[in-house]
Amino acid sequence: RARTRERIRERTAPHHRTREVSCRARMMASTAPRAATATTRTMSAWRRPSTTTSSISPRARRACAARASSSNANGNGNGNGSNKTLVKVCGITSVEDCAVATASGADFIGMILWPKSKRSVTEDVAKAIAARAKADGAIPIAVFVDEDAATIVRVCDAIGVDHAQLHGDGARDALEALPMRVRAVWVLNADANGKIVTKFPGDEDKLIAARQKSMSGEQGWRAAVDFVNGPRRVVDWLLIDGVNAGSGTAFDWTKLKAPRGASRKGWLLAGGLTPENVAEAIDAAHPNGVDVASGVADASGVAKDEAKIKAFVANARNGATTTA
């Protein structure tokens with residue numbers, strides 16, 4: 001019997017070994033994916049997130065660019081992507097004077113459309129000056145004093161200008177009715193001690209009173225929406241001049257407290273500036289730009305003096321870096 005059992009074991013042993021090997025193979029095959037997955041997970045846990053720009057969405061890149069632009073416009077920049085002091089030459093009465101100003105580096109060309117000014121120009125002349133300014137890379141600005149919104153829009157469209165300087169009470173009152181396509185330069189007046197005595201864009205007292213009145217009515221719940229969608233208050237630039245704007249009289253720049261956040265792009269300093277004192281004024285007040293008219297005029301007080309314009313722009317560029 002023992003011999004018989006031994007013969008049986010010899011005959012069945014290969015079968016058992018084969019089945020054992022097959023079972024082991026199946027077990028290894030079934031555990032291999034899990035092991036590979038675990039290894040992959042382990043490696044993934046240690047993988048550093050990509051920091052290349054390709055991992056940033058286009059929307060995020062645009063948002064970053066917008067924030068940088070906004071910071072430049074409202075922080076240390078001038079709304080033009082650089083820290084240079086901008087220069088506006090105002091009271092230009094001829095294409096020739098415009099060409100001299102732009103060749104000297106002026107960024108803005110001002111034309112007075114108010115007929116009572118000694119430097120006023122007709123719409124035809126203003127149109128020619130504006131065309132030359134734009135051709136030379138400068139921005140033409142039409143100056144108004146007591147015109148209403150309809151007149152300002154009509155004149156700007158007629159002469160091909162999209163910047164309007166609101167220099168007097170009448171023109172400032174027109175802001176609420178001006179379309180946003182007309183970029184506004186709001187003029188503030190400062191007294192001899194540098195104290196601003198003119199209202200700011202959007203009369204806050206008036207707006208608050210209107211809101212309070214609307215909130216007391218039956219539709220008071222809509223007051224907040226109506227307030228947001230109310231009259232225009234936004235201006236692109238502030239221009240701070242003396243009380244007698246356009247007279248060439250200076251005020252105390254060291255005591256001037258320039259407003260922040262009241263305009264989209266910054267503010268310009270005017271009033272008694274000349275080639276001799278513009279660097280000092282920039283150093284004292286730190287404006288985004290400077291505005292000059294009488295300070296670069298010839299003996300007539302109307303036409304411009306080429307040498308004075310060149311000296312003014314050069315000295316303004318060499319003035320202190322703006323921080324407002």
# chains A, B, ... in the order shown; residues from 1 in each chain; ligands from 1
>>> residues_around(residues="Ala138 (chain A)", least_positions_apart="3", cutoff="10 Å", atoms="only C-alpha atoms", output="ChimeraX atom specification")
/A:88,98,101-103,105-109,130-135,141
>>> write_last_selection(atoms="C-alpha atoms", output="mmCIF file, in the first residue's frame")
data_model
loop_
_atom_site.group_PDB
_atom_site.id
_atom_site.type_symbol
_atom_site.label_atom_id
_atom_site.label_comp_id
_atom_site.auth_asym_id
_atom_site.auth_seq_id
_atom_site.Cartn_x
_atom_site.Cartn_y
_atom_site.Cartn_z
ATOM 1 C CA LYS A 88 0.503 120.074 -21.198
ATOM 2 C CA CYS A 98 1.473 123.025 -31.817
ATOM 3 C CA ALA A 101 5.281 121.944 -28.556
ATOM 4 C CA THR A 102 4.962 118.352 -29.731
ATOM 5 C CA ALA A 103 8.493 118.358 -31.162
ATOM 6 C CA GLY A 105 7.946 116.576 -26.089
ATOM 7 C CA ALA A 106 4.576 117.924 -24.949
ATOM 8 C CA ASP A 107 2.043 115.203 -24.142
ATOM 9 C CA PHE A 108 -1.095 117.360 -24.233
ATOM 10 C CA ILE A 109 -2.052 120.332 -26.402
ATOM 11 C CA ALA A 130 -6.006 118.848 -33.008
ATOM 12 C CA ALA A 131 -5.167 116.967 -36.182
ATOM 13 C CA ARG A 132 -1.516 118.014 -35.953
ATOM 14 C CA ALA A 133 -1.329 117.111 -32.269
ATOM 15 C CA LYS A 134 -2.697 113.622 -32.884
ATOM 16 C CA ALA A 135 -0.405 113.130 -35.862
ATOM 17 C CA ILE A 141 -7.708 119.008 -25.202
#
>>> atom_distance(atom1="CA of Met111 (chain A)", atom2="CA of Val302 (chain A)")
11.8 Å
>>> residues_around(residues="Glu276 (chain A)", least_positions_apart="2", cutoff="10 Å", atoms="only C-alpha atoms", output="PyMOL selection string")
chain A and resi 273-274+278-281+295+308+311-312+315-316
>>> residues_around(residues="region 164-175 of chain A", least_positions_apart="2", cutoff="7 Å", atoms="only C-alpha atoms", output="list in words")
Ile141, Ala142, Val143, Phe144, Val145, Asp146, Glu147, Asp148, Ala149, Asp162, Ala177, Leu178, Val182, Arg183, Ala184, Val185, Trp186, Val187 and Arg232 of chain A
>>> atom_distance(atom1="CA of Asn189 (chain A)", atom2="CA of Ala303 (chain A)")
24.9 Å
>>> closest_residue(among="A:Pro287, A:Pro275, A:Gly160, A:Gly242", to="Ala190 (chain A)", atoms="only C-alpha atoms")
A:Gly242
>>> closest_residue(among="A:Val161, A:Val197, A:Ile309, A:Val89", to="Leu269 (chain A)", atoms="only C-alpha atoms")
A:Val89
>>> atom_distance(atom1="CA of Asp298 (chain A)", atom2="CA of Gly271 (chain A)")
17.1 Å
>>> select_by_dssp(residues="region 106-187 of chain A", states="strand (DSSP E or B)", output="PyMOL selection string")
chain A and resi 108-112+120+139-144+163-166+183-187
>>> write_last_selection(atoms="C-alpha atoms", output="short mmCIF file (atom, residue, chain, number, x, y, z; two decimals), in the first residue's frame")
data_model
loop_
_atom_site.label_atom_id
_atom_site.label_comp_id
_atom_site.auth_asym_id
_atom_site.auth_seq_id
_atom_site.Cartn_x
_atom_site.Cartn_y
_atom_site.Cartn_z
CA PHE A 108 -1.10 117.36 -24.23
CA ILE A 109 -2.05 120.33 -26.40
CA GLY A 110 -4.68 122.68 -25.00
CA MET A 111 -6.92 124.85 -27.19
CA ILE A 112 -9.26 127.41 -25.67
CA SER A 120 -9.30 131.55 -27.98
CA ILE A 139 -3.51 114.41 -27.01
CA PRO A 140 -5.49 117.54 -27.92
CA ILE A 141 -7.71 119.01 -25.20
CA ALA A 142 -10.53 121.49 -25.78
CA VAL A 143 -10.90 124.03 -22.96
CA PHE A 144 -14.38 125.24 -21.96
CA HIS A 163 -10.83 115.41 -24.08
CA ALA A 164 -12.69 118.39 -22.61
CA GLN A 165 -11.23 120.63 -19.91
CA LEU A 166 -13.98 121.95 -17.65
CA ARG A 183 -12.94 112.40 -21.29
CA ALA A 184 -13.12 115.13 -18.69
CA VAL A 185 -10.34 117.25 -17.19
CA TRP A 186 -11.78 118.86 -14.05
CA VAL A 187 -10.17 122.14 -12.95
#
>>> decode(residues="region 295-309 of chain A", atoms="all heavy atoms", output="short mmCIF file (atom, residue, chain, number, x, y, z; two decimals), in the first residue's frame")
data_model
loop_
_atom_site.label_atom_id
_atom_site.label_comp_id
_atom_site.auth_asym_id
_atom_site.auth_seq_id
_atom_site.Cartn_x
_atom_site.Cartn_y
_atom_site.Cartn_z
N GLY A 295 3.56 131.01 -19.16
CA GLY A 295 4.98 130.82 -18.88
C GLY A 295 5.84 130.52 -20.09
O GLY A 295 7.08 130.62 -20.01
N VAL A 296 5.23 130.17 -21.21
CA VAL A 296 6.02 129.89 -22.42
C VAL A 296 5.56 130.77 -23.58
O VAL A 296 5.83 130.47 -24.75
CB VAL A 296 5.94 128.39 -22.82
CG1 VAL A 296 6.62 127.52 -21.78
CG2 VAL A 296 4.49 127.97 -23.01
N ALA A 297 4.85 131.86 -23.26
CA ALA A 297 4.37 132.77 -24.30
C ALA A 297 5.44 133.80 -24.64
O ALA A 297 6.32 134.11 -23.82
CB ALA A 297 3.09 133.46 -23.85
N ASP A 298 5.35 134.38 -25.82
CA ASP A 298 6.29 135.43 -26.20
C ASP A 298 5.77 136.77 -25.66
O ASP A 298 4.86 136.81 -24.83
CB ASP A 298 6.49 135.46 -27.72
CG ASP A 298 5.20 135.77 -28.49
OD1 ASP A 298 4.21 136.19 -27.85
OD2 ASP A 298 5.19 135.61 -29.72
N ALA A 299 6.33 137.85 -26.15
CA ALA A 299 5.98 139.18 -25.65
C ALA A 299 4.51 139.52 -25.86
O ALA A 299 3.94 140.31 -25.10
CB ALA A 299 6.85 140.24 -26.32
N SER A 300 3.88 138.92 -26.85
CA SER A 300 2.46 139.20 -27.11
C SER A 300 1.55 138.58 -26.07
O SER A 300 0.39 138.98 -25.93
CB SER A 300 2.08 138.69 -28.51
OG SER A 300 2.06 137.26 -28.53
N GLY A 301 2.04 137.57 -25.38
CA GLY A 301 1.22 136.85 -24.41
C GLY A 301 0.29 135.85 -25.04
O GLY A 301 -0.48 135.19 -24.33
N VAL A 302 0.33 135.71 -26.35
CA VAL A 302 -0.57 134.80 -27.07
C VAL A 302 0.23 133.70 -27.77
O VAL A 302 0.05 132.51 -27.48
CB VAL A 302 -1.43 135.56 -28.09
CG1 VAL A 302 -2.30 134.59 -28.88
CG2 VAL A 302 -2.30 136.60 -27.39
N ALA A 303 1.08 134.09 -28.70
CA ALA A 303 1.90 133.12 -29.41
C ALA A 303 2.95 132.54 -28.46
O ALA A 303 3.27 133.12 -27.42
CB ALA A 303 2.57 133.78 -30.61
N LYS A 304 3.48 131.39 -28.82
CA LYS A 304 4.45 130.71 -27.97
C LYS A 304 5.88 131.01 -28.39
O LYS A 304 6.16 131.28 -29.56
CB LYS A 304 4.21 129.19 -27.99
CG LYS A 304 2.80 128.77 -27.57
CD LYS A 304 2.42 129.28 -26.20
CE LYS A 304 1.04 128.81 -25.78
NZ LYS A 304 0.58 129.43 -24.53
N ASP A 305 6.76 130.93 -27.41
CA ASP A 305 8.19 131.13 -27.63
C ASP A 305 8.85 129.76 -27.67
O ASP A 305 8.80 129.01 -26.69
CB ASP A 305 8.78 131.98 -26.50
CG ASP A 305 10.24 132.30 -26.71
OD1 ASP A 305 11.07 131.35 -26.65
OD2 ASP A 305 10.57 133.48 -26.91
N GLU A 306 9.46 129.43 -28.80
CA GLU A 306 10.01 128.09 -28.98
C GLU A 306 11.06 127.75 -27.93
O GLU A 306 11.07 126.65 -27.38
CB GLU A 306 10.62 127.97 -30.38
CG GLU A 306 11.20 126.59 -30.68
CD GLU A 306 11.68 126.45 -32.11
OE1 GLU A 306 11.48 127.40 -32.90
OE2 GLU A 306 12.24 125.38 -32.44
N ALA A 307 11.96 128.68 -27.65
CA ALA A 307 13.02 128.42 -26.68
C ALA A 307 12.43 128.15 -25.29
O ALA A 307 12.90 127.27 -24.56
CB ALA A 307 13.99 129.59 -26.64
N LYS A 308 11.40 128.90 -24.93
CA LYS A 308 10.78 128.71 -23.62
C LYS A 308 10.09 127.35 -23.52
O LYS A 308 10.15 126.68 -22.48
CB LYS A 308 9.77 129.83 -23.34
CG LYS A 308 10.41 131.19 -23.07
CD LYS A 308 9.33 132.23 -22.76
CE LYS A 308 9.94 133.60 -22.47
NZ LYS A 308 8.90 134.62 -22.17
N ILE A 309 9.42 126.95 -24.60
CA ILE A 309 8.75 125.64 -24.59
C ILE A 309 9.77 124.52 -24.40
O ILE A 309 9.59 123.62 -23.57
CB ILE A 309 7.94 125.42 -25.88
CG1 ILE A 309 6.73 126.35 -25.92
CG2 ILE A 309 7.48 123.96 -25.98
CD1 ILE A 309 5.88 126.20 -27.18
#
